Protein chains: 2
Amino acid sequence: VLDIRVDRQADRPIFLQIADELERLTVDGTEGLRLPPSRDLAARLGVNRNTVVSAYQELIARGRATARTGRGTFLRPPAGARAPWSEAVRDDAFREPRDLHGAPDADYSFAANFPPEDLLPAEALRRALDDVLRREGARLLTYGSPQGYRPLREWIAGEMRRQGAEVPVDEVIITTGSQQAIDLAARALLGPGDRVLLEEPGFPLAIAAFRSHGARVEGLPSDGDGLQTDRLARAVEEAPARLIYLVPDFHNPTGACLSEARRRQVLDLAHRHGVPILEDDSSAWLRFCGAPLPSLRGLDAHGLTIFASTFSKMLMPGVRIGWICAPAPIRDRLLALKQLTDCTTSLLLQAAVHEFCRDGGLDEHLRRVRAAYRERRDALLGAMRRHFPAEVRWTEPEGGLVLWVSLPAGLDGRGVAAEARTRGIACNPGDLFFIDAAPRGHLRLTFAGMPPARIRQGARLLGDVLRGLCERSAAGRDGGEAALLV
Amino acid sequence: VLDIRVDRQADRPIFLQIADELERLTVDGTEGLRLPPSRDLAARLGVNRNTVVSAYQELIARGRATARTGRGTFLRPPAGARAPWSEAVRDDAFREPRDLHGAPDADYSFAANFPPEDLLPAEALRRALDDVLRREGARLLTYGSPQGYRPLREWIAGEMRRQGAEVPVDEVIITTGSQQAIDLAARALLGPGDRVLLEEPGFPLAIAAFRSHGARVEGLPSDGDGLQTDRLARAVEEAPARLIYLVPDFHNPTGACLSEARRRQVLDLAHRHGVPILEDDSSAWLRFCGAPLPSLRGLDAHGLTIFASTFSKMLMPGVRIGWICAPAPIRDRLLALKQLTDCTTSLLLQAAVHEFCRDGGLDEHLRRVRAAYRERRDALLGAMRRHFPAEVRWTEPEGGLVLWVSLPAGLDGRGVAAEARTRGIACNPGDLFFIDAAPRGHLRLTFAGMPPARIRQGARLLGDVLRGLCERSAAGRDGGEAALLV
């Protein structure tokens with residue numbers, strides 16, 4: 001706690017007295033200390049909040065404090081005494097899991113939200129690389145354009161047109177995967193304190209990217225038809241929002257699709273309130289049943305949608321190729337940021353992906369993997385019905401790679417995942433997908449990672465784990481109640 | 001200009017009056033207007049600066065203004081009337097050139113600061129890709145680890161050890177080129193207003209990356225021995241600095257190397273003042289004469305150096321593979337940011353580059369290209385001596401790909417580059433490499449892009465351009481003086 005004295009009788013203005021006192025603290029070695037919110041300190045000292053704000057500004061001007069975007073104001077130790085990394089290591093904006101492997105060492109993995117090795121067209125990509133390098137040679141090993149390889153951009157614009165979104169080739173920027181697309185959009189649009197609205201549970205790396213730029217991320221509930229638009233309406237009416245982030249198709253982690261009616265409502269709200277939308281299309285191409293829905297970009301008549309997609313899920317993550325389409329006003333800024341971020345995306349891999357996709361190559365691949373994913377989803381759903389306790393609930397997605405499990409009261413996703421891991425089964429506890437206060441009664445299961453027979457075996461074992469924990473939980477409750485009677 | 005009235009007799013506090021007046025402006029459609037620095041508005045209104053600071057904070061709290069990192073405070077129009085991209089397109093933090101092609105359509109290009117196509121080992125890379133895909137298959141087409149492909153990280157740590165820098169493998173993070181390494185370091189360390197010190201002229205994409213995170217970038221002069229360390233000493237003593245950015249070997253654009261004595265001085269200053277160093281090693285492996293110098297990372301006994309390098313210049317840019325090494329306290333944060341930025345760098349390309357480099361493959365390649373670059377540099381220097389006007393000066397680098405030309409008084413780098421372009425010659429005007437007020441009497445010439453005979457032809461033609469402009473400039477001066485006599 002800060003020991004600060006203020007003398008109301010003194011000539012020196014109070015805000016300068018506060019600044020002096022805080023500066024004194026930096027000398028005493030309270031290195032990297034986070035100052036309380038100005039409102040709190042003002043209440044404590046009985047002064048106007050703006051007096052404290054002025055004191056903090058004064059400290060920053062003296063080089064004695066730093067405002068870290070979205071995280072508050074931190075004291076700096078005197079330069080000589082300062083450990084140079086101190087602020088960096090104190091940062092807790094990045095709590096997302098590190099693991100992108102999908103736990104390959106597990107006997108049964110329900111954790112990998114990307115195509116499994118047995119469905120990756122390694123041989124076809126090898127041939128595509130070989131062909132383009134023999135044909136175009138060293139030219140493909142230079143930087144290329146920051147906006148991307150033109151034939152690939154044209155192919156993308158053509159596919160998007162086929163799917164109902166007219167996008168000029170000039171709007172398409174190739175990115176190093178869709179994570180880069182999300183991060184670039186965030187970096188272009190968001191500043192400290194900007195409000196981002198999204199579905200919760202949601203994609204942790206998107207949430208972390210928004211927060212890393214200082215945004216305040218606010219989760220809104222979703223249901224079987226995706227984001228609840230009445231809640232979105234209330235949220236945008238209540239205060240200005242800077243961005244709405246949506247995964248309309250096969251949402252990660254719920255697997256839900258936003259209904260067409262809601263898509264139109266979202267666009268209408270965005271238009272009326274002047275809020276840009278970031279549409280994350282990563283899994284949309286993996287629909288294996290049900291009718292396709294038009295993208296927000298396709299329905300948008302007002303140029304409010306930034307569209308981000310990737311080849312990671314539909315083809316393979318290892319090529320690190322995604323794209324972002326944005327209306328002209330924001331396109332230039334995204335392009336400048338793209339260049340600052342990594343200059344260009346590998347021209348060689350862009351050419352190889354184009355070689356693979358063109359002339360119906362991707363269509364053929366998609367036919368094959370969609371059938372496989374459908375079969376795997378069915379295997380998982382069937383095994384869950386057979387082996388999971390009756391109280392467990394789950395979503396039944398029409399595409400993508402993931403589904404969302406809701407556990408009965410008393411069961412904790414972390415506990416289930418940990419117990420499952422001891423039996424060789426990997427899956428993701430649901431709290432990873434929440435913003436702050438994380439409901440713990442969920443699991444995310446991906447059905448992509450294994451052939452159907454193995455999925456059935458794994459799900460049966462996971463069912464054993466769940467039943468065991470349900471019994472223990474029930475016993476614990478009884479035990480607890482019994483104890484009260486003693 | 002803002003028309004703001006303040007009534008000192010009124011009960012309402014002055015900061016609220018200012019906020020009210022500013023809010024009124026947002027209704028009248030002054031959308032996206034940048035507010036004056038608080039100091040200026042305070043002087044204009046005759047109030048304390050902190051009163052204005054409080055007014056701006058109040059406006060932000062009302063949702064009527066946004067503080068954009070490092071750029072000031074901007075009014076927001078009322079949400080309904082607000083064009084959603086307005087703030088984005090007003091941003092001018094990115095004035096760097098877009099062109100990374102090195103003007104391939106020019107007859108003679110002295111503009112490409114990367115290996116030319118005739119020195120790119122396209123066939124060897126094709127074989128490396130083929131080999132690793134046949135050997136490891138689909139595994140290379142998944143995400144891999146955010147930190148990078150372990151065999152490549154081990155190879156890098158081994159090479160750095162051979163060059164005198166002991167770097168634990170755990171410190172090495174693979175990045176998507178060195179631009180990403182620079183941007184990640186900036187993002188990890190820099191916040192609004194943080195002071196970055198670097199050599200000026202300097203690398204535009206680094207300057208832009210620092211600025212994009214809100215940093216104040218301050219240029220310090222350099223000479224034939226690199227950054228003038230007495231000026232660095234003065235700068236770090238005068239006010240706290242958050243980062244020192246250095247390109248110690250074959251600096252872009254001057255081609256200079258920082259002397260060993262100065263390297264030790266920089267490290268000593270950084271240590272005494274607790275300032276991290278970002279060492280950009282991009283061209284260091286391309287020394288073709290003179291004795292190698294130890295890297296800052298190698299000399300650093302205090303763990304203050306973040307080391308960034310890349311395969312772009314020594315091998316090829318198209319693979320987009322670089323790396324960053326940082327002491328443990330900052331390594332974790334860089335790794336978290338790496339994941340937010342683009343998840344991972346292509347595992348396939350990492351494996352192919354490792355395949356190419358291992359067992360002396362890179363050494364062999366470097367022997368070949370160093371000899372070629374030396375021959376090309378000599379061709380350019382010889383032709384410049386023969387064909388450039390006597391008043392023109394230039395640097396004579398011992399490695400890398402670029403040299404720096406200083407033009408005589410009266411000649412303008414932009415004018416020279418434009419005139420040269422009409423004769424089919426591409427080169428970069430020097431003002432691109434300055435931070436703000438840009439001296440215009442310079443050119444950057446790269447000697448990598450063409451075989452020696454073509455370099456000689458191009459330099460002769462560029463000499464013609466320079467001589468013509470020198471004559472016109474002299475005539476202009478005479479004409480000017482004559483006109484005064486009239």
# chains A, B, ... in the order shown; residues from 1 in each chain; ligands from 1
>>> select_by_dssp(residues="region 178-376 of chain B", states="strand (DSSP E or B)", output="ChimeraX atom specification")
/B:195-199,216-220,222-223,226-227,243-246,277-280,287,305-310,322-325
>>> closest_residue(among="B:Leu337, B:Val6, B:Cys357, B:Ala256", to="His213 (chain A)", atoms="only C-alpha atoms")
B:Leu337
>>> residues_around(residues="Ile4 (chain B)", least_positions_apart="6", cutoff="8 Å", atoms="only C-alpha atoms", output="mmCIF file with N, CA and C atoms, in the first residue's frame")
data_model
loop_
_atom_site.group_PDB
_atom_site.id
_atom_site.type_symbol
_atom_site.label_atom_id
_atom_site.label_comp_id
_atom_site.auth_asym_id
_atom_site.auth_seq_id
_atom_site.Cartn_x
_atom_site.Cartn_y
_atom_site.Cartn_z
ATOM 1 N N ILE B 18 -13.786 23.190 -20.356
ATOM 2 C CA ILE B 18 -13.008 22.883 -21.575
ATOM 3 C C ILE B 18 -13.538 21.601 -22.212
ATOM 4 N N GLU B 21 -16.781 22.272 -24.012
ATOM 5 C CA GLU B 21 -16.581 22.988 -25.270
ATOM 6 C C GLU B 21 -16.059 22.033 -26.354
ATOM 7 N N LEU B 22 -15.122 21.191 -25.949
ATOM 8 C CA LEU B 22 -14.562 20.244 -26.919
ATOM 9 C C LEU B 22 -15.630 19.244 -27.356
#
>>> select_by_dssp(residues="region 350-407 of chain B", states="helix (DSSP H, G or I)", output="count of residues only")
35
>>> closest_atom_pairs(of="chain A", to="chain B", cutoff="6 Å", atoms="only C-alpha atoms", output="JSON lines")
{"residue": "A:Asn50", "atom": "CA", "partner": "B:Ser54", "partner_atom": "CA", "distance": 5.5}
{"residue": "A:Ser54", "atom": "CA", "partner": "B:Asn50", "partner_atom": "CA", "distance": 5.5}
{"residue": "A:Ala79", "atom": "CA", "partner": "B:His273", "partner_atom": "CA", "distance": 5.7}
{"residue": "A:Gly80", "atom": "CA", "partner": "B:His273", "partner_atom": "CA", "distance": 4.6}
{"residue": "A:Arg82", "atom": "CA", "partner": "B:Gly274", "partner_atom": "CA", "distance": 5.7}
{"residue": "A:Pro84", "atom": "CA", "partner": "B:Gly274", "partner_atom": "CA", "distance": 5.2}
{"residue": "A:Glu117", "atom": "CA", "partner": "B:Ala138", "partner_atom": "CA", "distance": 5.4}
{"residue": "A:Ala122", "atom": "CA", "partner": "B:Ala138", "partner_atom": "CA", "distance": 5.1}
{"residue": "A:Gly137", "atom": "CA", "partner": "B:Ala122", "partner_atom": "CA", "distance": 5.9}
{"residue": "A:Ala138", "atom": "CA", "partner": "B:Ala122", "partner_atom": "CA", "distance": 5.1}
{"residue": "A:Leu141", "atom": "CA", "partner": "B:Gly318", "partner_atom": "CA", "distance": 3.9}
{"residue": "A:Thr142", "atom": "CA", "partner": "B:Gly318", "partner_atom": "CA", "distance": 4.6}
{"residue": "A:Tyr143", "atom": "CA", "partner": "B:Gly318", "partner_atom": "CA", "distance": 5.2}
{"residue": "A:Gln179", "atom": "CA", "partner": "B:Asp342", "partner_atom": "CA", "distance": 5.1}
{"residue": "A:Gln180", "atom": "CA", "partner": "B:Asp342", "partner_atom": "CA", "distance": 4.7}
{"residue": "A:Gly191", "atom": "CA", "partner": "B:Arg68", "partner_atom": "CA", "distance": 6.0}
{"residue": "A:Ala209", "atom": "CA", "partner": "B:Leu340", "partner_atom": "CA", "distance": 5.6}
{"residue": "A:His273", "atom": "CA", "partner": "B:Gly80", "partner_atom": "CA", "distance": 4.7}
{"residue": "A:Gly274", "atom": "CA", "partner": "B:Pro84", "partner_atom": "CA", "distance": 5.1}
{"residue": "A:Val275", "atom": "CA", "partner": "B:Pro84", "partner_atom": "CA", "distance": 5.7}
{"residue": "A:Pro276", "atom": "CA", "partner": "B:Pro84", "partner_atom": "CA", "distance": 6.0}
{"residue": "A:Pro317", "atom": "CA", "partner": "B:Thr142", "partner_atom": "CA", "distance": 5.2}
{"residue": "A:Gly318", "atom": "CA", "partner": "B:Leu141", "partner_atom": "CA", "distance": 3.9}
{"residue": "A:Val319", "atom": "CA", "partner": "B:Ser346", "partner_atom": "CA", "distance": 5.7}
{"residue": "A:Arg320", "atom": "CA", "partner": "B:Ser346", "partner_atom": "CA", "distance": 5.8}
{"residue": "A:Leu340", "atom": "CA", "partner": "B:Ala209", "partner_atom": "CA", "distance": 5.6}
{"residue": "A:Thr341", "atom": "CA", "partner": "B:Gln180", "partner_atom": "CA", "distance": 5.3}
{"residue": "A:Asp342", "atom": "CA", "partner": "B:Gln180", "partner_atom": "CA", "distance": 4.7}
{"residue": "A:Ser346", "atom": "CA", "partner": "B:Gly318", "partner_atom": "CA", "distance": 5.3}
{"residue": "A:Leu347", "atom": "CA", "partner": "B:Gly318", "partner_atom": "CA", "distance": 5.9}
>>> residues_around(residues="Thr422 (chain A)", least_positions_apart="6", cutoff="12 Å", atoms="only C-alpha atoms", output="list in words")
Ala106, Asp107, Tyr108, Gly415, Val416, Leu461, Leu462 and Val465 of chain A
>>> write_last_selection(atoms="N, CA, C and O atoms", output="CSV table (one decimal), in the first residue's frame")
chain,number,residue,atom,x,y,z
A,106,ALA,N,-0.1,-37.8,-26.7
A,106,ALA,CA,-1.2,-38.4,-26.0
A,106,ALA,C,-1.6,-39.7,-26.9
A,106,ALA,O,-1.4,-39.7,-28.1
A,107,ASP,N,-2.2,-40.7,-26.2
A,107,ASP,CA,-2.6,-41.8,-27.0
A,107,ASP,C,-3.9,-41.5,-27.8
A,107,ASP,O,-4.1,-42.0,-28.9
A,108,TYR,N,-4.7,-40.6,-27.2
A,108,TYR,CA,-5.9,-40.2,-27.9
A,108,TYR,C,-6.0,-38.7,-27.8
A,108,TYR,O,-6.1,-38.1,-26.7
A,415,GLY,N,-10.4,-30.5,-14.0
A,415,GLY,CA,-10.2,-31.7,-13.3
A,415,GLY,C,-10.4,-32.9,-14.3
A,415,GLY,O,-9.7,-33.9,-14.3
A,416,VAL,N,-11.4,-32.8,-15.2
A,416,VAL,CA,-11.7,-33.8,-16.2
A,416,VAL,C,-10.5,-34.0,-17.1
A,416,VAL,O,-10.0,-35.1,-17.3
A,461,LEU,N,-13.1,-44.3,-23.3
A,461,LEU,CA,-12.3,-44.1,-22.1
A,461,LEU,C,-12.6,-42.8,-21.4
A,461,LEU,O,-12.6,-42.7,-20.2
A,462,LEU,N,-12.9,-41.7,-22.3
A,462,LEU,CA,-13.2,-40.4,-21.7
A,462,LEU,C,-14.5,-40.5,-20.9
A,462,LEU,O,-14.7,-39.9,-19.9
A,465,VAL,N,-13.9,-41.9,-17.6
A,465,VAL,CA,-13.3,-40.8,-16.7
A,465,VAL,C,-14.5,-40.0,-16.2
A,465,VAL,O,-14.6,-39.7,-15.0
>>> closest_residue(among="A:Val353, A:Arg135, A:Phe203, A:Arg71", to="Ala215 (chain A)", atoms="only C-alpha atoms")
A:Arg71
>>> atom_distance(atom1="CA of Leu407 (chain B)", atom2="CA of Ala474 (chain B)")
13.6 Å
>>> closest_residue(among="A:Leu227, A:Val169, A:Ala308, A:Ile244", to="Ala261 (chain A)", atoms="only C-alpha atoms")
A:Leu227
>>> atom_distance(atom1="CA of Ser295 (chain A)", atom2="CA of Ala128 (chain A)")
29.9 Å
>>> residues_around(residues="region 397-400 of chain B", least_positions_apart="5", cutoff="6 Å", atoms="only C-alpha atoms", output="MDAnalysis selection string")
chainID B and resid 250 255 283 286:289
>>> residues_around(residues="Leu443 (chain A)", least_positions_apart="4", cutoff="6 Å", atoms="only C-alpha atoms", output="JSON, numbers by chain")
{"A": [405, 413, 428, 429, 430]}
>>> atom_distance(atom1="CA of Ala103 (chain B)", atom2="CA of Val392 (chain B)")
23.9 Å
>>> closest_residue(among="B:Arg444, B:Ala418, B:Thr305, B:Ser259", to="Arg393 (chain B)", atoms="only C-alpha atoms")
B:Arg444
